[in-house]
file final.txt (compact mmCIF, C-alpha atoms)
# COMPACT_ATOMS: atom_id res chain seq x y z
CA MET A 1 4.54 -6.18 -27.62
CA LEU A 2 4.22 -3.78 -24.70
CA VAL A 3 0.94 -4.02 -22.83
CA THR A 4 -0.58 -1.74 -20.23
CA LYS A 5 -2.84 -2.90 -17.43
CA TYR A 6 -4.64 -1.21 -14.57
CA VAL A 7 -4.56 -2.82 -11.15
CA ILE A 8 -7.58 -1.57 -9.24
CA THR A 9 -8.48 -2.42 -5.66
CA SER A 10 -11.91 -2.72 -4.15
CA SER A 11 -12.65 0.07 -1.67
CA GLU A 12 -13.09 -2.58 1.06
CA SER A 13 -9.72 -4.20 0.37
CA ASN A 14 -6.93 -3.76 2.91
CA ILE A 15 -4.48 -3.37 0.05
CA LEU A 16 -3.74 0.15 -1.16
CA PRO A 17 -2.31 1.15 -4.56
CA SER A 18 0.88 2.14 -2.69
CA ASP A 19 1.17 -1.46 -1.35
CA ILE A 20 0.88 -2.78 -4.89
CA ALA A 21 3.47 -0.30 -6.14
CA MET A 22 5.86 -1.36 -3.34
CA LYS A 23 5.29 -5.01 -4.24
CA ILE A 24 6.20 -4.25 -7.86
CA TYR A 25 9.29 -2.24 -6.86
CA GLY A 26 10.37 -5.17 -4.71
CA SER A 27 9.84 -7.73 -7.46
CA LYS A 28 12.50 -8.86 -9.91
CA HIS A 29 10.53 -7.41 -12.84
CA ASP A 30 11.62 -4.30 -14.67
CA VAL A 31 8.31 -2.57 -15.40
CA THR A 32 6.99 0.95 -15.73
CA VAL A 33 4.69 1.75 -12.79
CA LYS A 34 2.38 4.69 -12.30
CA GLU A 35 0.58 4.95 -8.99
CA THR A 36 -2.54 7.05 -8.44
CA CYS A 37 -5.02 7.32 -5.57
CA MET A 38 -7.31 4.64 -7.00
CA ARG A 39 -5.10 2.35 -9.08
CA VAL A 40 -1.68 1.33 -10.35
CA THR A 41 -0.82 1.31 -14.04
CA ILE A 42 1.85 -1.12 -15.20
CA ASN A 43 3.48 -1.33 -18.62
CA ARG A 44 5.90 -3.93 -20.06
CA GLU A 45 5.98 -7.00 -22.33
CA GLU A 46 2.89 -9.19 -22.05
CA SER A 47 4.66 -12.20 -20.52
CA VAL A 48 6.23 -10.05 -17.80
CA VAL A 49 2.98 -8.25 -17.00
CA ASP A 50 1.03 -11.54 -16.83
CA GLU A 51 3.52 -13.00 -14.37
CA LEU A 52 3.49 -9.83 -12.30
CA VAL A 53 -0.30 -9.73 -12.28
CA LYS A 54 -0.37 -13.23 -10.72
CA GLU A 55 1.96 -12.04 -7.96
CA ILE A 56 -0.11 -8.93 -7.34
CA ARG A 57 -3.37 -10.88 -7.22
CA SER A 58 -1.95 -13.07 -4.46
CA LEU A 59 -1.97 -10.01 -2.14
CA ASP A 60 -5.80 -10.08 -2.10
CA PRO A 61 -7.28 -12.54 -4.62
CA ALA A 62 -10.86 -11.33 -4.21
CA GLY A 63 -10.18 -7.62 -3.85
CA ILE A 64 -7.80 -6.84 -6.72
CA PHE A 65 -9.10 -6.39 -10.25
CA ILE A 66 -7.17 -6.07 -13.49
CA LYS A 67 -8.20 -4.14 -16.60
CA ASP A 68 -6.52 -3.72 -19.97
CA ARG A 69 -5.63 -0.23 -21.13
CA GLY A 70 -4.98 0.79 -24.73
CA PHE A 71 -2.68 3.77 -24.19
CA PRO A 72 0.67 3.55 -22.39
CA PRO A 73 0.96 5.40 -19.05
CA GLY A 74 1.58 9.13 -19.40
CA ASP A 75 0.69 9.12 -23.11
CA PRO A 76 0.18 12.79 -24.15
CA ARG A 77 -2.96 11.81 -26.10
CA ARG A 78 -4.64 10.80 -22.85
CA CYS A 79 -2.67 12.70 -20.18
CA ARG A 80 -4.93 15.21 -18.41
CA GLY A 81 -2.05 17.61 -17.87
CA ARG A 82 -1.45 17.92 -21.61
CA ARG A 83 -5.12 17.97 -22.59
CA GLY A 84 -5.99 20.82 -20.25
CA GLY A 85 -7.73 18.83 -17.49
CA GLY A 86 -10.92 16.81 -17.38
CA ALA A 87 -11.36 13.11 -16.86
CA ARG A 88 -9.80 10.56 -19.18
CA PRO A 89 -12.51 9.01 -21.42
CA GLY A 90 -12.31 5.59 -19.77
CA PHE A 91 -12.55 7.00 -16.25
CA TYR A 92 -16.34 7.11 -16.05
CA MET A 93 -16.70 3.40 -16.76
CA ILE A 94 -14.09 2.53 -14.14
CA GLU A 95 -15.66 4.93 -11.62
CA SER A 96 -19.09 3.36 -12.13
CA GLU A 97 -17.83 -0.21 -11.88
CA CYS A 98 -15.73 0.63 -8.81
CA LYS A 99 -18.96 1.29 -6.92
CA ILE A 100 -19.97 -2.37 -7.21
CA LEU A 101 -16.49 -3.83 -6.73
CA PRO A 102 -17.01 -4.44 -2.96
CA MET A 103 -20.07 -6.59 -3.74
CA ILE A 104 -18.16 -8.56 -6.39
CA SER A 105 -15.23 -9.01 -3.99
CA ARG A 106 -17.51 -10.37 -1.25
CA ALA A 107 -19.15 -12.68 -3.81
CA LEU A 108 -15.76 -13.99 -4.96
CA ALA A 109 -14.67 -14.60 -1.37
CA ALA A 110 -17.96 -16.21 -0.32
CA GLU A 111 -18.27 -19.96 0.03
CA GLY A 112 -21.28 -22.22 0.33
CA ASP A 113 -24.61 -22.27 -1.44
CA VAL A 114 -25.64 -19.43 -3.68
CA PRO A 115 -28.86 -17.77 -2.46
CA SER A 116 -31.94 -18.13 -4.64
CA LEU A 117 -33.34 -14.85 -5.89
CA PRO A 118 -37.04 -14.02 -6.18
CA GLU A 119 -38.17 -14.09 -9.78
CA LYS A 120 -38.29 -10.64 -11.34
CA LYS A 121 -41.63 -9.21 -12.44
CA ARG A 122 -42.12 -9.64 -16.16
CA PRO A 123 -44.43 -7.64 -18.44
CA LEU A 124 -47.92 -9.09 -18.88
CA PRO A 125 -48.03 -11.36 -21.96
CA PRO A 126 -50.23 -9.90 -24.74
CA GLY A 127 -52.45 -13.02 -24.73
CA ARG A 128 -53.23 -12.63 -21.03
CA LEU A 129 -53.93 -8.91 -21.50
CA GLU A 130 -56.37 -9.79 -24.30
CA GLU A 131 -58.17 -12.24 -21.99
CA ILE A 132 -58.44 -9.60 -19.24
CA VAL A 133 -59.88 -7.07 -21.70
CA LYS A 134 -62.42 -9.60 -22.96
CA GLU A 135 -63.41 -10.52 -19.40
CA GLY A 136 -63.80 -6.85 -18.54
CA LEU A 137 -65.95 -6.10 -21.57
CA SER A 138 -68.18 -9.20 -21.33
CA MET B 1 -9.04 -21.59 -23.02
CA ALA B 2 -11.88 -19.93 -24.90
CA LYS B 3 -11.93 -16.42 -26.31
CA VAL B 4 -14.84 -14.66 -24.62
CA ILE B 5 -16.17 -11.30 -25.76
CA VAL B 6 -17.69 -9.21 -23.01
CA TYR B 7 -20.36 -6.54 -23.33
CA PRO B 8 -19.84 -3.71 -22.37
CA PRO B 9 -16.60 -4.22 -24.26
CA THR B 10 -14.70 -1.97 -21.84
CA SER B 11 -15.97 -3.65 -18.66
CA MET B 12 -13.33 -4.12 -15.97
CA ILE B 13 -15.41 -6.53 -13.88
CA LEU B 14 -16.33 -8.85 -16.73
CA SER B 15 -12.88 -8.94 -18.31
CA ASP B 16 -11.31 -9.57 -14.90
CA LEU B 17 -13.70 -12.41 -14.05
CA VAL B 18 -13.12 -14.03 -17.44
CA SER B 19 -9.34 -13.86 -17.19
CA ARG B 20 -9.17 -14.98 -13.53
CA MET B 21 -11.21 -18.07 -14.52
CA GLY B 22 -8.63 -19.05 -17.11
CA HIS B 23 -10.10 -17.73 -20.35
CA LYS B 24 -9.13 -14.88 -22.65
CA ALA B 25 -11.35 -11.81 -22.50
CA LEU B 26 -11.68 -9.98 -25.81
CA VAL B 27 -11.91 -6.26 -25.02
CA VAL B 28 -11.71 -2.98 -26.90
CA PRO B 29 -8.60 -1.61 -25.12
CA GLU B 30 -6.63 -4.40 -26.77
CA ALA B 31 -7.83 -3.31 -30.23
CA VAL B 32 -7.09 0.33 -29.36
CA ARG B 33 -3.60 -0.64 -28.17
CA ASN B 34 -2.80 -2.27 -31.51
CA LEU B 35 -3.63 1.00 -33.27
CA VAL B 36 -2.10 3.59 -30.98
CA THR B 37 1.16 1.84 -30.16
CA GLU B 38 2.02 0.87 -33.71
CA SER B 39 5.55 1.95 -34.57
CA LYS B 40 4.42 3.98 -37.59
CA ILE B 41 1.71 6.44 -36.65
CA GLN B 42 0.21 7.28 -40.02
CA SER B 43 -2.75 9.28 -38.82
CA PRO B 44 -2.18 11.01 -35.46
CA PRO B 45 -3.38 11.19 -32.78
CA LEU B 46 -5.33 7.91 -32.69
CA ASN B 47 -3.95 6.39 -35.90
CA MET B 48 -7.37 5.84 -37.47
CA THR B 49 -6.38 5.55 -41.12
CA PRO B 50 -8.78 5.33 -44.12
CA GLU B 51 -8.48 1.55 -43.75
CA GLU B 52 -10.49 1.58 -40.51
CA PRO B 53 -13.78 2.87 -41.98
CA LYS B 54 -13.34 0.27 -44.73
CA LYS B 55 -13.18 -2.45 -42.07
CA GLY B 56 -16.29 -0.91 -40.50
CA LEU B 57 -18.10 -1.23 -43.84
CA ARG B 58 -18.11 -4.99 -43.38
CA TYR B 59 -20.60 -4.56 -40.54
CA ALA B 60 -22.52 -1.37 -41.31
CA ALA B 61 -23.67 0.25 -44.56
CA VAL B 62 -22.03 3.38 -46.00
CA ASP B 63 -24.97 5.59 -45.01
CA VAL B 64 -24.61 4.59 -41.36
CA PRO B 65 -22.93 7.35 -39.28
CA SER B 66 -19.14 7.24 -39.44
CA GLY B 67 -18.94 6.90 -35.65
CA VAL B 68 -20.69 3.53 -35.89
CA ARG B 69 -18.39 2.34 -38.66
CA GLY B 70 -15.32 3.58 -36.81
CA ARG B 71 -16.34 1.76 -33.63
CA MET B 72 -17.21 -1.37 -35.60
CA SER B 73 -13.74 -1.36 -37.14
CA LEU B 74 -12.46 -2.03 -33.60
CA ILE B 75 -15.26 -4.20 -32.20
CA GLY B 76 -16.19 -6.14 -35.38
CA PRO B 77 -12.94 -8.14 -35.63
CA ILE B 78 -13.24 -8.97 -31.91
CA ILE B 79 -16.74 -10.39 -32.46
CA GLU B 80 -15.43 -12.50 -35.35
CA GLU B 81 -12.68 -13.86 -33.13
CA SER B 82 -14.97 -14.69 -30.20
CA GLU B 83 -16.03 -18.20 -29.19
CA ALA B 84 -18.45 -17.22 -26.41
CA ALA B 85 -20.01 -14.03 -25.05
CA ILE B 86 -21.15 -12.49 -21.78
CA ILE B 87 -23.65 -9.67 -22.19
CA VAL B 88 -24.73 -7.35 -19.39
CA GLU B 89 -27.85 -5.50 -20.47
CA ASP B 90 -28.48 -1.82 -19.76
CA PRO B 91 -25.47 -0.98 -17.62
CA GLY B 92 -26.55 2.67 -17.76
CA TRP B 93 -23.06 4.14 -17.76
CA LEU B 94 -21.62 3.44 -21.20
CA THR B 95 -19.22 6.18 -22.24
CA GLY B 96 -16.26 6.68 -24.57
CA CYS B 97 -15.91 4.02 -27.25
CA SER B 98 -18.89 2.18 -25.70
CA GLY B 99 -21.06 5.31 -25.67
CA CYS B 100 -22.88 4.88 -29.00
CA SER B 101 -26.29 3.26 -28.61
CA ARG B 102 -26.62 2.29 -32.30
CA THR B 103 -23.22 0.59 -32.24
CA ASN B 104 -24.19 -1.24 -29.07
CA GLU B 105 -27.39 -2.53 -30.68
CA LEU B 106 -25.40 -3.73 -33.68
CA VAL B 107 -22.77 -5.37 -31.47
CA ARG B 108 -25.41 -7.27 -29.48
CA LEU B 109 -27.15 -8.33 -32.71
CA LEU B 110 -23.92 -9.58 -34.31
CA ILE B 111 -23.01 -11.54 -31.16
CA ARG B 112 -26.44 -13.17 -31.00
CA THR B 113 -26.56 -14.03 -34.70
CA LYS B 114 -23.07 -15.53 -34.63
CA GLY B 115 -24.43 -18.64 -32.91
CA ILE B 116 -21.91 -18.78 -30.05
CA PRO B 117 -22.87 -19.52 -26.42
CA VAL B 118 -24.16 -16.31 -24.82
CA LEU B 119 -24.72 -15.54 -21.13
CA ASP B 120 -27.17 -12.71 -20.41
CA LEU B 121 -26.89 -10.92 -17.09
CA SER B 122 -27.67 -7.68 -15.27
CA TYR B 123 -25.25 -5.85 -12.98
CA PRO B 124 -25.92 -6.79 -9.34
CA THR B 125 -27.52 -4.32 -6.96
CA ASN B 126 -27.03 -6.26 -3.69
CA ASP B 127 -24.87 -9.01 -2.20
CA ASP B 128 -27.20 -11.89 -3.08
CA GLU B 129 -27.39 -10.76 -6.69
CA ALA B 130 -23.61 -10.38 -6.78
CA ARG B 131 -23.15 -13.98 -5.65
CA VAL B 132 -25.56 -15.22 -8.30
CA PHE B 133 -23.79 -12.97 -10.87
CA VAL B 134 -20.37 -14.47 -10.09
CA GLN B 135 -21.77 -18.02 -9.86
CA LYS B 136 -23.48 -17.77 -13.26
CA ILE B 137 -20.29 -16.49 -14.90
CA ARG B 138 -18.26 -19.23 -13.21
CA SER B 139 -20.64 -22.00 -14.35
CA PHE B 140 -20.82 -20.57 -17.88
CA LEU B 141 -17.04 -20.39 -18.23
CA GLU B 142 -16.53 -23.86 -16.73
CA GLY B 143 -18.96 -25.18 -19.31
CA LEU B 144 -16.73 -23.84 -22.09
CA ASN B 145 -13.81 -26.06 -21.11
call {"tool": "encode", "arguments": {"input": "final.txt", "output": "structure tokens"}}
result
Amino acid sequence: MLVTKYVITSSESNILPSDIAMKIYGSKHDVTVKETCMRVTINREESVVDELVKEIRSLDPAGIFIKDRGFPPGDPRRCRGRRGGGARPGFYMIESECKILPMISRALAAEGDVPSLPEKKRPLPPGRLEEIVKEGLS
Amino acid sequence: MAKVIVYPPTSMILSDLVSRMGHKALVVPEAVRNLVTESKIQSPPLNMTPEEPKKGLRYAAVDVPSGVRGRMSLIGPIIEESEAAIIVEDPGWLTGCSGCSRTNELVRLLIRTKGIPVLDLSYPTNDDEARVFVQKIRSFLEGLN
């Protein structure tokens, strides 16, 4: 079965979508590639894509992220050119997650102990609130 | 290798972390792909046939809005297939097939009542939180082996 995957780079990565596209062109694999300013879309049989994804990840293991896509590249049901413009429905999710990709990349690349976080404030338990009210009224 | 459902079910970060740590991420695009790339498109453009709402009826009653049942026809089978789950609460940017709040409530409920291991997280807002986020996912997935 043909599968489609996005290869997306963190904004802090030194690897550009064009580098990934060149890597794919230079590989032995015969895949469909679509390069945009923020990502590369690849389409072929699952085994081929999985092998290719491993090669692509080796360019920058912490800075390259892979996402599944349902529609093949250039599908008229999703293509902006055919639909009269506007963002593809999945774009907003990717755009939002791209903003935190640099943090995730740094976390993946980091070594050593994980910092301890201060405990988050929790709502007052109802029992404690009841006690406070009783104390206030007595 | 465990099958791990991620919530939001279209999350790039979660599905990537799961697959790079050697497990299979169960995500909605895979379910969408099975429908839209089928050789016989019976109901263009998205190939949602009358069978899909019937599948959705397994998870939501007939008086529930059709959008919920339609979404559940894609997400429901994924939940059934899952062996573990990672849930990120209140991402604040759910759109498209993840943009229905009632479906999302139902999805989270079905995951929790299934009795599989669940990891609850929030999206990180700084570097320290990101390291804890990645570490928690790593430990959780290593524990599934």
call {"tool": "interface_residues", "arguments": {"input": "final.txt", "of": "chain B", "to": "chain A", "cutoff": "9 Å", "atoms": "all atoms listed in the file", "output": "ChimeraX atom specification"}}
result
/B:10-13,15-17,19,27-37,45-46,93-97,123-135
call {"tool": "write_last_selection", "arguments": {"input": "final.txt", "atoms": "C-alpha atoms", "output": "short mmCIF file (atom, residue, chain, number, x, y, z; two decimals), keeping the file's coordinate frame"}}
result
data_model
loop_
_atom_site.label_atom_id
_atom_site.label_comp_id
_atom_site.auth_asym_id
_atom_site.auth_seq_id
_atom_site.Cartn_x
_atom_site.Cartn_y
_atom_site.Cartn_z
CA THR B 10 -14.70 -1.97 -21.84
CA SER B 11 -15.97 -3.65 -18.66
CA MET B 12 -13.33 -4.12 -15.97
CA ILE B 13 -15.41 -6.53 -13.88
CA SER B 15 -12.88 -8.94 -18.31
CA ASP B 16 -11.31 -9.57 -14.90
CA LEU B 17 -13.70 -12.41 -14.05
CA SER B 19 -9.34 -13.86 -17.19
CA VAL B 27 -11.91 -6.26 -25.02
CA VAL B 28 -11.71 -2.98 -26.90
CA PRO B 29 -8.60 -1.61 -25.12
CA GLU B 30 -6.63 -4.40 -26.77
CA ALA B 31 -7.83 -3.31 -30.23
CA VAL B 32 -7.09 0.33 -29.36
CA ARG B 33 -3.60 -0.64 -28.17
CA ASN B 34 -2.80 -2.27 -31.51
CA LEU B 35 -3.63 1.00 -33.27
CA VAL B 36 -2.10 3.59 -30.98
CA THR B 37 1.16 1.84 -30.16
CA PRO B 45 -3.38 11.19 -32.78
CA LEU B 46 -5.33 7.91 -32.69
CA TRP B 93 -23.06 4.14 -17.76
CA LEU B 94 -21.62 3.44 -21.20
CA THR B 95 -19.22 6.18 -22.24
CA GLY B 96 -16.26 6.68 -24.57
CA CYS B 97 -15.91 4.02 -27.25
CA TYR B 123 -25.25 -5.85 -12.98
CA PRO B 124 -25.92 -6.79 -9.34
CA THR B 125 -27.52 -4.32 -6.96
CA ASN B 126 -27.03 -6.26 -3.69
CA ASP B 127 -24.87 -9.01 -2.20
CA ASP B 128 -27.20 -11.89 -3.08
CA GLU B 129 -27.39 -10.76 -6.69
CA ALA B 130 -23.61 -10.38 -6.78
CA ARG B 131 -23.15 -13.98 -5.65
CA VAL B 132 -25.56 -15.22 -8.30
CA PHE B 133 -23.79 -12.97 -10.87
CA VAL B 134 -20.37 -14.47 -10.09
CA GLN B 135 -21.77 -18.02 -9.86
#
call {"tool": "closest_residue", "arguments": {"input": "final.txt", "among": "A:Leu59, A:Glu46, A:Glu130, A:Thr41", "to": "A:Lys23", "atoms": "all atoms listed in the file"}}
result
A:Leu59
call {"tool": "residues_around", "arguments": {"input": "final.txt", "residues": "B:Phe140", "least_positions_apart": "3", "cutoff": "9 Å", "atoms": "all atoms listed in the file", "output": "list of chain:residue names"}}
result
B:Ile86, B:Pro117, B:Val118, B:Leu119, B:Gln135, B:Lys136, B:Ile137, B:Gly143, B:Leu144
call {"tool": "residues_around", "arguments": {"input": "final.txt", "residues": "B:Leu110", "least_positions_apart": "2", "cutoff": "12 Å", "atoms": "only C-alpha atoms", "output": "MDAnalysis selection string"}}
result
chainID B and resid 5 7 58:60 72 75:80 82 85 103:108 112:116 118
call {"tool": "atom_distance", "arguments": {"input": "final.txt", "atom1": "atom CA of A:Val40", "atom2": "atom CA of B:Ser43"}}
result
29.6 Å
call {"tool": "atom_distance", "arguments": {"input": "final.txt", "atom1": "atom CA of A:Asp30", "atom2": "atom CA of A:Val48"}}
result
8.5 Å
call {"tool": "residues_around", "arguments": {"input": "final.txt", "residues": "B:Leu121", "least_positions_apart": "6", "cutoff": "7 Å", "atoms": "all atoms listed in the file", "output": "count of residues only"}}
result
3
call {"tool": "atom_distance", "arguments": {"input": "final.txt", "atom1": "atom CA of B:Ser73", "atom2": "atom CA of B:Ile41"}}
result
17.3 Å
call {"tool": "closest_residue", "arguments": {"input": "final.txt", "among": "A:Arg39, A:Lys34, A:Glu131, A:His29", "to": "A:Pro17", "atoms": "all atoms listed in the file"}}
result
A:Arg39
call {"tool": "residues_around", "arguments": {"input": "final.txt", "residues": "stretch 36-38 of chain A", "least_positions_apart": "5", "cutoff": "9 Å", "atoms": "all atoms listed in the file", "output": "VMD selection string"}}
result
chain A and resid 7 to 9 11 16 to 18
call {"tool": "write_last_selection", "arguments": {"input": "final.txt", "atoms": "C-alpha atoms", "output": "mmCIF file, keeping the file's coordinate frame"}}
result
data_model
loop_
_atom_site.group_PDB
_atom_site.id
_atom_site.type_symbol
_atom_site.label_atom_id
_atom_site.label_comp_id
_atom_site.auth_asym_id
_atom_site.auth_seq_id
_atom_site.Cartn_x
_atom_site.Cartn_y
_atom_site.Cartn_z
ATOM 1 C CA VAL A 7 -4.560 -2.820 -11.150
ATOM 2 C CA ILE A 8 -7.580 -1.570 -9.240
ATOM 3 C CA THR A 9 -8.480 -2.420 -5.660
ATOM 4 C CA SER A 11 -12.650 0.070 -1.670
ATOM 5 C CA LEU A 16 -3.740 0.150 -1.160
ATOM 6 C CA PRO A 17 -2.310 1.150 -4.560
ATOM 7 C CA SER A 18 0.880 2.140 -2.690
#
call {"tool": "residues_around", "arguments": {"input": "final.txt", "residues": "A:Val33", "least_positions_apart": "3", "cutoff": "9 Å", "atoms": "all atoms listed in the file", "output": "mmCIF file with C-alpha atoms, in the frame of the given file"}}
result
data_model
loop_
_atom_site.group_PDB
_atom_site.id
_atom_site.type_symbol
_atom_site.label_atom_id
_atom_site.label_comp_id
_atom_site.auth_asym_id
_atom_site.auth_seq_id
_atom_site.Cartn_x
_atom_site.Cartn_y
_atom_site.Cartn_z
ATOM 1 C CA ALA A 21 3.470 -0.300 -6.140
ATOM 2 C CA ILE A 24 6.200 -4.250 -7.860
ATOM 3 C CA TYR A 25 9.290 -2.240 -6.860
ATOM 4 C CA VAL A 40 -1.680 1.330 -10.350
ATOM 5 C CA THR A 41 -0.820 1.310 -14.040
ATOM 6 C CA ILE A 42 1.850 -1.120 -15.200
ATOM 7 C CA ASN A 43 3.480 -1.330 -18.620
ATOM 8 C CA PRO A 73 0.960 5.400 -19.050
#
call {"tool": "closest_residue", "arguments": {"input": "final.txt", "among": "B:Asp120, B:Glu142, B:Met1, B:Gly70", "to": "B:Lys24", "atoms": "only C-alpha atoms"}}
result
B:Met1
call {"tool": "closest_residue", "arguments": {"input": "final.txt", "among": "B:Val64, B:Leu109, B:Ala2, B:Leu74", "to": "B:Glu51", "atoms": "all atoms listed in the file"}}
result
B:Leu74
call {"tool": "closest_residue", "arguments": {"input": "final.txt", "among": "A:Gly136, A:Thr32, A:Lys120, A:Pro126", "to": "A:Gly74", "atoms": "only C-alpha atoms"}}
result
A:Thr32
call {"tool": "decode", "arguments": {"input": "final.txt", "residues": "stretch 62-75 of chain A", "atoms": "N, CA and C atoms", "output": "tab-separated table (two decimals), in the first residue's frame"}}
result
chain	number	residue	atom	x	y	z
A	62	ALA	N	17.75	14.79	16.00
A	62	ALA	CA	16.87	15.50	16.94
A	62	ALA	C	16.02	16.58	16.26
A	63	GLY	N	16.38	16.95	15.06
A	63	GLY	CA	15.70	18.11	14.45
A	63	GLY	C	14.75	17.78	13.32
A	64	ILE	N	14.63	16.50	12.98
A	64	ILE	CA	13.73	16.11	11.88
A	64	ILE	C	12.57	15.30	12.45
A	65	PHE	N	11.37	15.68	12.08
A	65	PHE	CA	10.17	15.03	12.59
A	65	PHE	C	9.35	14.48	11.42
A	66	ILE	N	8.71	13.35	11.68
A	66	ILE	CA	7.95	12.67	10.63
A	66	ILE	C	6.48	12.61	11.04
A	67	LYS	N	5.60	12.85	10.08
A	67	LYS	CA	4.16	12.78	10.36
A	67	LYS	C	3.47	12.05	9.22
A	68	ASP	N	2.49	11.22	9.57
A	68	ASP	CA	1.70	10.53	8.55
A	68	ASP	C	0.74	11.49	7.88
A	69	ARG	N	0.46	11.26	6.61
A	69	ARG	CA	-0.56	12.06	5.92
A	69	ARG	C	-1.52	11.11	5.23
A	70	GLY	N	-2.81	11.42	5.27
A	70	GLY	CA	-3.81	10.54	4.67
A	70	GLY	C	-3.85	10.63	3.16
A	71	PHE	N	-3.82	11.86	2.64
A	71	PHE	CA	-3.98	12.07	1.19
A	71	PHE	C	-2.62	12.04	0.48
A	72	PRO	N	-2.57	11.50	-0.73
A	72	PRO	CA	-1.30	11.54	-1.48
A	72	PRO	C	-0.92	12.97	-1.86
A	73	PRO	N	0.35	13.23	-2.16
A	73	PRO	CA	0.74	14.61	-2.52
A	73	PRO	C	0.04	15.06	-3.80
A	74	GLY	N	-0.40	16.31	-3.81
A	74	GLY	CA	-1.05	16.87	-5.00
A	74	GLY	C	-2.47	16.37	-5.23
A	75	ASP	N	-3.05	15.70	-4.24
A	75	ASP	CA	-4.41	15.18	-4.41
A	75	ASP	C	-5.38	16.35	-4.60
